[in-house]
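File shown: final.txt (compact mmCIF, C-alpha atoms and all ligand atoms).
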# COMPACT_ATOMS: atom_id res chain seq x y z
CA MET A 1 60.99 229.92 67.27
CA ASN A 2 61.19 229.88 63.54
CA ASP A 3 63.03 226.76 62.51
CA THR A 4 60.38 226.02 59.99
CA THR A 5 60.83 224.06 56.80
CA ALA A 6 57.63 225.34 55.18
CA GLY A 7 56.35 228.87 55.49
CA PRO A 8 52.64 229.65 55.30
CA HIS A 9 53.09 231.65 52.14
CA GLY A 10 54.85 229.07 50.03
CA THR A 11 53.16 228.42 46.71
CA ALA A 12 53.19 224.67 47.05
CA PRO A 13 53.38 222.29 49.97
CA PRO A 14 56.55 220.26 50.28
CA GLU A 15 55.47 216.85 49.09
CA ALA A 16 58.29 214.91 50.66
CA PRO A 17 58.05 213.64 54.22
CA ALA A 18 59.79 215.55 57.00
CA ALA A 19 63.54 215.30 57.30
CA GLY A 20 64.72 211.96 58.56
CA ASP A 21 62.01 209.61 59.63
CA ALA A 22 60.46 211.86 62.27
CA PRO A 23 56.68 212.15 62.17
CA LEU A 24 55.32 215.59 61.24
CA VAL A 25 53.64 215.82 64.62
CA GLU A 26 53.98 213.62 67.66
CA LEU A 27 52.32 213.77 71.07
CA ARG A 28 53.86 211.72 73.85
CA ARG A 29 51.80 211.22 76.99
CA ALA A 30 50.41 214.69 76.34
CA GLY A 31 47.75 216.26 78.53
CA LYS A 32 45.95 219.48 79.32
CA THR A 33 44.42 220.72 82.53
CA TYR A 34 42.05 223.70 82.65
CA GLY A 35 42.13 224.87 86.26
CA ASN A 36 41.21 221.65 88.01
CA VAL A 37 39.51 220.05 85.00
CA ARG A 38 41.74 217.40 83.48
CA ALA A 39 40.49 217.61 79.90
CA LEU A 40 43.20 215.39 78.38
CA TYR A 41 45.93 213.08 79.67
CA GLY A 42 48.37 210.41 78.56
CA VAL A 43 47.71 210.89 74.84
CA ASP A 44 50.12 209.35 72.33
CA LEU A 45 49.42 210.43 68.77
CA THR A 46 51.49 210.41 65.59
CA VAL A 47 50.76 212.34 62.41
CA ARG A 48 52.69 211.25 59.33
CA ALA A 49 52.88 212.63 55.82
CA GLY A 50 50.45 211.00 53.41
CA ARG A 51 48.30 209.51 56.17
CA VAL A 52 44.93 210.34 57.66
CA THR A 53 44.83 210.04 61.44
CA CYS A 54 41.27 209.98 62.74
CA VAL A 55 40.35 211.02 66.27
CA LEU A 56 36.93 209.90 67.39
CA GLY A 57 35.10 210.37 70.64
CA ASP A 58 31.86 211.39 72.26
CA ASN A 59 30.95 214.92 73.42
CA GLY A 60 33.38 216.19 76.00
CA ALA A 61 35.91 213.41 75.28
CA GLY A 62 38.69 215.93 74.64
CA LYS A 63 38.79 216.09 70.84
CA SER A 64 38.75 219.88 70.57
CA THR A 65 41.28 220.19 73.38
CA LEU A 66 43.60 217.86 71.47
CA ILE A 67 43.46 219.86 68.25
CA LYS A 68 43.73 223.16 70.09
CA ILE A 69 47.08 221.98 71.43
CA ILE A 70 48.33 220.91 68.00
CA SER A 71 47.08 224.08 66.29
CA GLY A 72 48.61 226.45 68.84
CA LEU A 73 45.44 227.74 70.53
CA HIS A 74 46.22 226.11 73.89
CA ARG A 75 49.41 224.85 75.44
CA HIS A 76 49.72 221.32 76.73
CA THR A 77 50.37 221.05 80.46
CA GLU A 78 51.73 217.49 80.49
CA GLY A 79 53.92 215.35 78.27
CA ASP A 80 55.68 216.26 75.04
CA PHE A 81 54.63 217.80 71.75
CA LEU A 82 57.09 217.41 68.88
CA VAL A 83 57.09 218.77 65.34
CA ASP A 84 59.56 217.17 62.92
CA GLY A 85 61.07 215.42 65.93
CA ARG A 86 61.76 218.63 67.86
CA PRO A 87 59.89 219.62 71.03
CA VAL A 88 57.70 222.70 70.56
CA ARG A 89 55.45 224.83 72.72
CA PHE A 90 53.29 227.16 70.61
CA SER A 91 51.79 230.35 72.02
CA THR A 92 49.64 231.25 69.02
CA PRO A 93 48.08 229.59 65.96
CA ARG A 94 50.46 231.74 63.91
CA GLU A 95 53.41 229.79 65.30
CA ALA A 96 51.73 226.51 64.42
CA LEU A 97 51.05 227.85 60.93
CA ASP A 98 54.71 228.81 60.57
CA HIS A 99 55.45 225.13 61.16
CA GLY A 100 52.96 224.18 58.44
CA ILE A 101 50.15 223.18 60.80
CA ALA A 102 46.75 224.51 59.69
CA ALA A 103 43.36 223.92 61.27
CA VAL A 104 40.06 224.23 59.43
CA TYR A 105 37.09 224.88 61.71
CA GLN A 106 33.52 224.28 60.69
CA ASP A 107 32.24 227.86 60.82
CA LEU A 108 35.21 230.16 61.06
CA ALA A 109 36.73 229.12 57.78
CA THR A 110 35.23 231.59 55.29
CA VAL A 111 33.52 234.98 54.94
CA PRO A 112 30.06 234.36 53.44
CA LEU A 113 29.58 237.63 51.52
CA MET A 114 32.93 237.64 49.77
CA PRO A 115 33.47 235.92 46.44
CA VAL A 116 35.15 232.54 46.41
CA TRP A 117 38.46 233.81 44.99
CA ARG A 118 38.63 236.56 47.62
CA ASN A 119 38.04 234.05 50.41
CA PHE A 120 40.82 231.91 49.03
CA PHE A 121 43.34 234.67 49.78
CA LEU A 122 41.81 236.11 52.92
CA GLY A 123 44.57 237.84 54.88
CA SER A 124 47.29 236.86 52.39
CA GLU A 125 46.30 238.84 49.30
CA PRO A 126 49.01 239.30 46.68
CA THR A 127 49.60 242.89 45.56
CA LYS A 128 51.21 244.46 42.51
CA GLY A 129 52.64 247.82 41.50
CA PRO A 130 55.05 250.07 43.41
CA TRP A 131 54.08 251.89 46.59
CA PRO A 132 51.94 254.08 46.90
CA LEU A 133 50.08 252.71 43.90
CA ARG A 134 50.19 249.16 45.15
CA ARG A 135 46.89 247.37 44.72
CA LEU A 136 45.47 243.90 44.97
CA ASP A 137 46.49 241.65 42.14
CA ILE A 138 42.96 240.54 41.36
CA ALA A 139 43.72 238.76 38.11
CA ARG A 140 46.40 236.68 39.82
CA MET A 141 44.14 235.86 42.75
CA LYS A 142 41.37 234.62 40.48
CA GLU A 143 43.71 232.64 38.31
CA THR A 144 45.46 231.03 41.28
CA ALA A 145 42.25 230.22 43.14
CA ASP A 146 40.82 228.61 40.02
CA ARG A 147 43.96 226.56 39.39
CA GLU A 148 44.34 225.41 42.99
CA LEU A 149 40.70 224.45 43.37
CA ARG A 150 40.87 222.47 40.13
CA ARG A 151 44.09 220.84 41.25
CA MET A 152 42.17 219.46 44.23
CA GLY A 153 39.43 218.36 41.84
CA ILE A 154 37.03 221.11 42.96
CA VAL A 155 35.19 222.63 40.03
CA LEU A 156 32.93 225.60 40.80
CA ASP A 157 30.78 227.25 38.13
CA ASP A 158 31.66 230.78 39.11
CA LEU A 159 34.42 232.03 41.41
CA GLU A 160 32.59 235.39 41.63
CA GLN A 161 29.77 233.90 43.63
CA PRO A 162 29.77 234.71 47.34
CA VAL A 163 31.04 231.84 49.47
CA GLY A 164 27.75 232.04 51.39
CA THR A 165 25.94 230.63 48.36
CA LEU A 166 28.08 227.48 48.32
CA SER A 167 26.96 224.37 50.12
CA GLY A 168 28.54 223.54 53.47
CA GLY A 169 30.58 220.82 51.81
CA GLN A 170 31.92 223.11 49.10
CA ARG A 171 32.88 225.70 51.70
CA GLN A 172 34.89 223.10 53.59
CA CYS A 173 36.58 222.17 50.33
CA VAL A 174 37.57 225.78 49.60
CA ALA A 175 39.07 226.00 53.10
CA ILE A 176 40.98 222.75 52.57
CA ALA A 177 42.33 223.83 49.16
CA ARG A 178 43.38 227.16 50.67
CA ALA A 179 45.30 225.50 53.49
CA VAL A 180 47.03 223.21 50.99
CA HIS A 181 47.96 226.14 48.74
CA PHE A 182 49.44 228.15 51.58
CA GLY A 183 51.85 225.44 52.45
CA ALA A 184 50.13 223.35 55.12
CA ARG A 185 51.91 220.09 55.82
CA VAL A 186 49.54 219.10 58.58
CA LEU A 187 45.83 219.70 58.05
CA ILE A 188 43.53 219.48 61.05
CA LEU A 189 39.81 219.21 60.37
CA ASP A 190 37.39 219.62 63.26
CA GLU A 191 34.19 217.71 62.51
CA PRO A 192 34.14 218.75 58.84
CA THR A 193 31.14 216.53 58.05
CA ALA A 194 29.12 217.10 61.24
CA ALA A 195 26.54 219.41 59.68
CA LEU A 196 26.48 217.76 56.25
CA GLY A 197 24.23 215.25 54.53
CA VAL A 198 25.47 212.02 53.02
CA LYS A 199 26.35 213.38 49.59
CA GLN A 200 28.15 216.51 50.82
CA SER A 201 30.04 214.46 53.38
CA GLY A 202 31.23 212.26 50.55
CA VAL A 203 32.54 215.31 48.71
CA VAL A 204 34.51 216.51 51.74
CA LEU A 205 35.93 213.02 52.35
CA LYS A 206 37.07 212.96 48.73
CA TYR A 207 39.13 216.11 49.27
CA ILE A 208 40.55 214.76 52.48
CA ALA A 209 41.78 211.82 50.41
CA ALA A 210 43.13 214.29 47.82
CA ALA A 211 45.06 216.17 50.54
CA ARG A 212 46.56 212.88 51.67
CA GLU A 213 47.55 212.04 48.08
CA ARG A 214 49.38 215.35 47.97
CA GLY A 215 51.45 214.22 50.90
CA LEU A 216 49.82 216.09 53.76
CA GLY A 217 49.38 214.59 57.18
CA VAL A 218 45.69 214.91 57.97
CA VAL A 219 44.05 214.83 61.39
CA LEU A 220 40.33 214.19 61.05
CA ILE A 221 38.18 214.80 64.10
CA THR A 222 34.77 213.18 63.84
CA HIS A 223 31.89 211.55 65.69
CA ASN A 224 31.22 209.33 62.72
CA PRO A 225 33.08 206.00 62.51
CA HIS A 226 31.73 205.40 59.00
CA HIS A 227 33.26 208.62 57.71
CA ALA A 228 36.49 207.91 59.56
CA TYR A 229 36.74 204.42 58.13
CA LEU A 230 36.28 205.63 54.55
CA VAL A 231 39.52 207.64 54.62
CA GLY A 232 41.42 206.76 57.80
CA ASP A 233 44.82 205.09 58.06
CA HIS A 234 44.89 205.22 61.85
CA PHE A 235 42.13 205.54 64.44
CA GLY A 236 42.19 206.87 67.96
CA VAL A 237 39.13 206.86 70.19
CA LEU A 238 39.12 209.39 73.02
CA ARG A 239 37.08 208.72 76.10
CA LEU A 240 37.00 210.92 79.18
CA GLY A 241 40.17 212.68 78.14
CA THR A 242 42.35 209.75 77.20
CA LEU A 243 42.83 207.40 74.24
CA GLU A 244 41.02 204.17 74.96
CA LEU A 245 41.87 202.82 71.52
CA SER A 246 44.67 203.42 69.07
CA ALA A 247 44.74 201.14 66.04
CA ASP A 248 46.00 201.10 62.47
CA ARG A 249 43.52 200.36 59.75
CA GLY A 250 44.67 196.77 59.40
CA GLU A 251 44.08 196.13 63.10
CA ILE A 252 40.43 197.05 63.29
CA THR A 253 37.21 196.56 61.30
CA LEU A 254 34.49 199.15 60.82
CA GLU A 255 32.20 197.10 63.05
CA GLU A 256 34.73 197.08 65.86
CA LEU A 257 35.35 200.81 65.50
CA THR A 258 31.62 201.55 65.52
CA ASP A 259 31.18 199.40 68.56
CA HIS A 260 33.99 201.19 70.35
CA MET A 261 32.48 204.56 69.54
CA ALA A 262 29.01 203.56 70.61
CA GLY A 263 30.37 201.96 73.75
CA GLY A 264 28.98 198.44 73.29
CA ALA A 265 28.17 197.86 76.96
CA GLU A 266 26.55 201.28 77.38
CA LEU A 267 24.40 200.70 74.34
CA ALA A 268 23.25 197.35 75.66
CA ALA A 269 22.34 198.98 78.99
CA LEU A 270 20.49 201.76 77.17
CA LYS A 271 18.57 199.22 75.12
CA HIS A 272 17.61 197.41 78.30
CA GLU A 273 16.47 200.67 79.89
CA LEU A 274 14.41 201.65 76.86
CA ALA A 275 12.78 198.23 76.80
CA GLN A 276 11.83 198.68 80.48
CA ALA A 277 10.42 202.15 79.81
CA GLY A 278 8.10 200.76 77.16
CA GLY A 279 6.87 202.55 74.07
CA VAL A 280 10.25 202.13 72.37
CA ARG A 281 10.69 199.28 69.94
CA THR A 282 13.96 197.53 70.69
CA ASP A 283 13.11 194.13 69.26
CA GLY A 284 14.53 194.94 65.81
CA LEU A 285 17.85 196.12 67.18
CA ALA A 286 20.79 193.82 66.67
CA GLU A 287 22.36 192.24 69.71
CA GLU A 288 25.56 194.08 70.54
CA PRO A 289 28.53 192.02 69.46
CA PRO A 290 31.08 191.54 72.19
CA ILE A 291 33.94 194.01 71.93
CA ALA A 292 36.85 192.09 70.51
CA ASP A 293 39.66 191.81 72.99
CA THR A 294 42.28 191.93 70.28
CA PHE A 295 42.75 195.72 70.30
CA PRO A 296 46.11 196.98 71.31
CA GLU A 297 45.68 199.20 74.35
CA GLY A 298 47.22 202.58 73.63
CA ASN A 299 50.06 202.96 71.19
CA PRO A 300 52.59 200.19 70.79
N1 LIG B 1 38.38 226.32 78.26
C1 LIG B 1 37.97 225.34 79.08
N2 LIG B 1 37.91 225.51 80.40
C2 LIG B 1 37.51 224.52 81.23
N3 LIG B 1 37.17 223.30 80.81
C3 LIG B 1 37.21 223.04 79.51
C4 LIG B 1 37.62 224.04 78.57
N4 LIG B 1 37.57 223.50 77.31
C5 LIG B 1 37.15 222.23 77.49
N5 LIG B 1 36.93 221.95 78.79
C6 LIG B 1 36.50 220.65 79.33
O1 LIG B 1 37.37 219.66 78.83
C7 LIG B 1 36.66 218.48 78.49
C8 LIG B 1 36.92 218.14 77.03
O2 LIG B 1 36.33 219.13 76.20
P1 LIG B 1 36.49 219.18 74.62
O3 LIG B 1 35.86 220.44 74.13
O4 LIG B 1 37.91 218.96 74.28
O5 LIG B 1 35.63 217.93 74.16
P2 LIG B 1 35.18 217.47 72.71
O6 LIG B 1 35.57 216.05 72.57
O7 LIG B 1 35.68 218.41 71.69
O8 LIG B 1 33.59 217.55 72.79
P3 LIG B 1 32.51 217.92 71.66
O9 LIG B 1 32.27 216.68 70.86
O10 LIG B 1 31.30 218.28 72.47
O11 LIG B 1 33.03 219.06 70.86
C9 LIG B 1 35.20 218.76 78.82
O12 LIG B 1 34.95 218.22 80.10
C10 LIG B 1 35.12 220.26 78.83
O13 LIG B 1 34.12 220.69 79.71
MG MG B 2 34.75 219.70 70.29
Here is a file; write its structure as structure tokens.
Amino acid sequence: MNDTTAGPHGTAPPEAPAAGDAPLVELRRAGKTYGNVRALYGVDLTVRAGRVTCVLGDNGAGKSTLIKIISGLHRHTEGDFLVDGRPVRFSTPREALDHGIAAVYQDLATVPLMPVWRNFFLGSEPTKGPWPLRRLDIARMKETADRELRRMGIVLDDLEQPVGTLSGGQRQCVAIARAVHFGARVLILDEPTAALGVKQSGVVLKYIAAARERGLGVVLITHNPHHAYLVGDHFGVLRLGTLELSADRGEITLEELTDHMAGGAELAALKHELAQAGGVRTDGLAEEPPIADTFPEGNP
């Protein structure tokens, strides 16, 4: 299955949208069952070039399962999964990568003791010279890493420093720039800001916006509606394995999204419980606004 339009080793991502008007990635009523655990069902999701699609949801809602399907780690067991309008069924992340779909995970992204430039090329190092004298083209690696990082607006003092000395946010940014350089058209980010403070989160969100500007379709998985709303074009909220909300930016406010994530009714019940338990100050907490009934249920 190699009908790809962008290989993983291209030097630049194709900036134009996929052929025709097909979304880069589309899930139709997709689902996944592990044994007798139904982790995901009935999910409709569309990833388009130059857009950030946010997937929110509480622990166990199915977020990781969803991205594992798209990134080729797990196969879906229900519904359809299309790339560039064609049905696919990936067996490995390599196959997804061959279709230009790259996932950046929080911890697995970089090797801490290696210098930044070396991390940038991990597993795809360019070589020079004829066999058997072939060796790593270090000058080219450094020059390319520097150029690509700058192109994403990432300026590091010293590319020789081990990645382990970078902040969590900078490490995420190196991983994002690397995926962009190696031809990703779809970039999946699993909770990239989960372990970060406010400032570092802002830095990562900036590069997510930069990836979108370069024409990538971005899938941002997060617990944080504030982070999602800063960069998102579309929002899906997963709950117990299915999308309980799917709305474009113009259809939903930050307050409504936050309320959906928190589960307005659950929060009110919790507040009531805490008040009963005593010792917890609930008087300063705002009354939960009613959840607007204007949300479209599922995808149109
Ligand atoms: N390999 C697996 N085998 C069996 N059940 C699984 C497996 N992976 C996930 N599940 C179950 O599927 C459901 C969804 O899990 P998933 O990891 O997708 O949630 P999540 O939204 O990513 O949660 P978190 O925010 O905690 O990362 C959970 O009930 C989980 O226990
Ligand atoms: Mg998860």
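Neighbours of Leu82 in chain A closer than or equal to 8 Å, with only C-alpha atoms counted and sequence neighbours fewer than 3 positions away skipped, come out as A:Val25, A:Glu26, A:Leu27, A:Gly85, A:Arg86, A:Pro87, A:Val88.
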Each side padded by 8 Å, which centre and which edge lengths in Å (one decimal) define the axis-aligned box around the listed atoms of ligand LIG 1 (chain B)? Give them as JSON.
{"center_x": 34.8, "center_y": 221.2, "center_z": 76.0, "size_x": 23.1, "size_y": 26.3, "size_z": 26.4}
Quick one: which chain A residues come within 8 Å of ligand LIG 1 (chain B), and what is the nearest atom pair for each with the distance in Å to one decimal, counting all atoms listed in the file, rows ordered by chain and ascending number, as JSON lines?
{"residue": "A:Thr33", "atom": "CA", "partner": "B:LIG1", "partner_atom": "N3", "distance": 7.9}
{"residue": "A:Tyr34", "atom": "CA", "partner": "B:LIG1", "partner_atom": "C2", "distance": 4.8}
{"residue": "A:Gly35", "atom": "CA", "partner": "B:LIG1", "partner_atom": "C2", "distance": 6.8}
{"residue": "A:Val37", "atom": "CA", "partner": "B:LIG1", "partner_atom": "N3", "distance": 5.8}
{"residue": "A:Arg38", "atom": "CA", "partner": "B:LIG1", "partner_atom": "O1", "distance": 6.8}
{"residue": "A:Ala39", "atom": "CA", "partner": "B:LIG1", "partner_atom": "O1", "distance": 3.9}
{"residue": "A:Leu40", "atom": "CA", "partner": "B:LIG1", "partner_atom": "C8", "distance": 7.0}
{"residue": "A:Gly57", "atom": "CA", "partner": "B:LIG1", "partner_atom": "O6", "distance": 6.0}
{"residue": "A:Asp58", "atom": "CA", "partner": "B:LIG1", "partner_atom": "O9", "distance": 5.5}
{"residue": "A:Asn59", "atom": "CA", "partner": "B:LIG1", "partner_atom": "O9", "distance": 3.4}
{"residue": "A:Gly60", "atom": "CA", "partner": "B:LIG1", "partner_atom": "O5", "distance": 3.4}
{"residue": "A:Ala61", "atom": "CA", "partner": "B:LIG1", "partner_atom": "O6", "distance": 3.8}
{"residue": "A:Gly62", "atom": "CA", "partner": "B:LIG1", "partner_atom": "O4", "distance": 3.1}
{"residue": "A:Lys63", "atom": "CA", "partner": "B:LIG1", "partner_atom": "O6", "distance": 3.7}
{"residue": "A:Ser64", "atom": "CA", "partner": "B:LIG1", "partner_atom": "O7", "distance": 3.6}
{"residue": "A:Thr65", "atom": "CA", "partner": "B:LIG1", "partner_atom": "O4", "distance": 3.7}
{"residue": "A:Leu66", "atom": "CA", "partner": "B:LIG1", "partner_atom": "O4", "distance": 6.4}
{"residue": "A:His223", "atom": "CA", "partner": "B:LIG1", "partner_atom": "O9", "distance": 7.3}
{"residue": "A:Leu238", "atom": "CA", "partner": "B:LIG1", "partner_atom": "O6", "distance": 7.6}
{"residue": "A:Leu240", "atom": "CA", "partner": "B:LIG1", "partner_atom": "C8", "distance": 7.5}
{"residue": "A:Gly241", "atom": "CA", "partner": "B:LIG1", "partner_atom": "C8", "distance": 6.5}
Based on the selection just made, write C-alpha atoms of those residues as a compact mmCIF listing (two decimals), keeping the file's coordinate frame.
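result_19.txt was written with the following content:
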# COMPACT_ATOMS: atom_id res chain seq x y z
CA THR A 33 44.42 220.72 82.53
CA TYR A 34 42.05 223.70 82.65
CA GLY A 35 42.13 224.87 86.26
CA VAL A 37 39.51 220.05 85.00
CA ARG A 38 41.74 217.40 83.48
CA ALA A 39 40.49 217.61 79.90
CA LEU A 40 43.20 215.39 78.38
CA GLY A 57 35.10 210.37 70.64
CA ASP A 58 31.86 211.39 72.26
CA ASN A 59 30.95 214.92 73.42
CA GLY A 60 33.38 216.19 76.00
CA ALA A 61 35.91 213.41 75.28
CA GLY A 62 38.69 215.93 74.64
CA LYS A 63 38.79 216.09 70.84
CA SER A 64 38.75 219.88 70.57
CA THR A 65 41.28 220.19 73.38
CA LEU A 66 43.60 217.86 71.47
CA HIS A 223 31.89 211.55 65.69
CA LEU A 238 39.12 209.39 73.02
CA LEU A 240 37.00 210.92 79.18
CA GLY A 241 40.17 212.68 78.14
Within 8 Å of Ile101 in chain A using all atoms listed in the file, minus same-chain residues under 5 positions, as a list in words: Ile70, Ser71, Ala96, Ala184, Arg185, Val186, Leu187 and Ile188 of chain A
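Across the model, the gap from CA of Arg150 in chain A to CA of Ala211 in chain A is 12.9 Å.
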Nearest to Thr77 in chain A, chosen from A:Arg51, A:Thr46, A:Tyr41, A:Pro23, with all atoms listed in the file counted in the distances: A:Tyr41
Long-range neighbours of His234 in chain A as a PyMOL selection string, 6 Å cut-off, only C-alpha atoms, 2 positions minimum in chain: chain A and resi 53+232+247-249
Point-to-point distance in Å for CA of Ala49 in chain A and CA of Ala210 in chain A: 12.7 Å
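Among the candidates A:Ser201, A:Glu251, A:Leu216, A:Val47, the residue lying nearest to Ser167 in chain A is A:Ser201 (atoms considered: only C-alpha atoms).
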Which of A:Gly236, A:Pro115, A:Gly42, A:Gly31 sits closest to Glu160 in chain A [using all atoms listed in the file]: A:Pro115
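Our summary of the geometry notes that CA of Asp158 in chain A is positioned 9.5 Å from CA of Trp117 in chain A.
With all atoms listed in the file taken into account, the protein and nucleic acid residues at most 12 Å from range 194-199 of chain A (excluding it and anything under 3 positions from it in its own chain) are Tyr105, Gln106, Asp107, Ser167, Gly168, Gly169, Gln170, Arg171, Gln172, Leu189, Asp190, Glu191, Gly202, Val203, Val204, Leu205, Lys206, Leu220, Ile221, Thr222, His223, Asn224, Pro225, His226, His227 and Ala228 of chain A.
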Nearest to Glu255 in chain A by atom-to-atom distance, counting all atoms listed in the file, from A:Met141, A:Cys54, A:Tyr229, A:Thr127: A:Tyr229
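The residues that lie within 10 Å of the point (44.2, 205.9, 70.9), counting all atoms listed in the file, are Gly42, Val43, Asp44, Leu45, Cys54, Val55, Leu56, His234, Phe235, Gly236, Val237, Leu238, Arg239, Thr242, Leu243, Glu244, Leu245, Ser246, Ala247, Asp248, Pro296, Glu297, Gly298 and Asn299 of chain A.
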Could you save the residues just selected, with C-alpha atoms, as a CSV table (one decimal), keeping the file's coordinate frame?
chain,number,residue,atom,x,y,z
A,42,GLY,CA,48.4,210.4,78.6
A,43,VAL,CA,47.7,210.9,74.8
A,44,ASP,CA,50.1,209.4,72.3
A,45,LEU,CA,49.4,210.4,68.8
A,54,CYS,CA,41.3,210.0,62.7
A,55,VAL,CA,40.4,211.0,66.3
A,56,LEU,CA,36.9,209.9,67.4
A,234,HIS,CA,44.9,205.2,61.8
A,235,PHE,CA,42.1,205.5,64.4
A,236,GLY,CA,42.2,206.9,68.0
A,237,VAL,CA,39.1,206.9,70.2
A,238,LEU,CA,39.1,209.4,73.0
A,239,ARG,CA,37.1,208.7,76.1
A,242,THR,CA,42.4,209.8,77.2
A,243,LEU,CA,42.8,207.4,74.2
A,244,GLU,CA,41.0,204.2,75.0
A,245,LEU,CA,41.9,202.8,71.5
A,246,SER,CA,44.7,203.4,69.1
A,247,ALA,CA,44.7,201.1,66.0
A,248,ASP,CA,46.0,201.1,62.5
A,296,PRO,CA,46.1,197.0,71.3
A,297,GLU,CA,45.7,199.2,74.4
A,298,GLY,CA,47.2,202.6,73.6
A,299,ASN,CA,50.1,203.0,71.2
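All residues of protein, DNA or RNA that reach within 9 Å of Ile154 in chain A, judged by only C-alpha atoms and not counting those fewer than 3 positions away in the chain, are Asp146, Glu148, Leu149, Arg150, Arg151, Gln170, Cys173, Val174, Ala177 and Tyr207 of chain A.
Minimum atom-to-atom distances from A:Pro192, A:Val218, A:Thr253, A:Arg94 to ligand MG 2 (chain B) were compared using only C-alpha atoms and all ligand atoms, and the lowest value belongs to A:Pro192.
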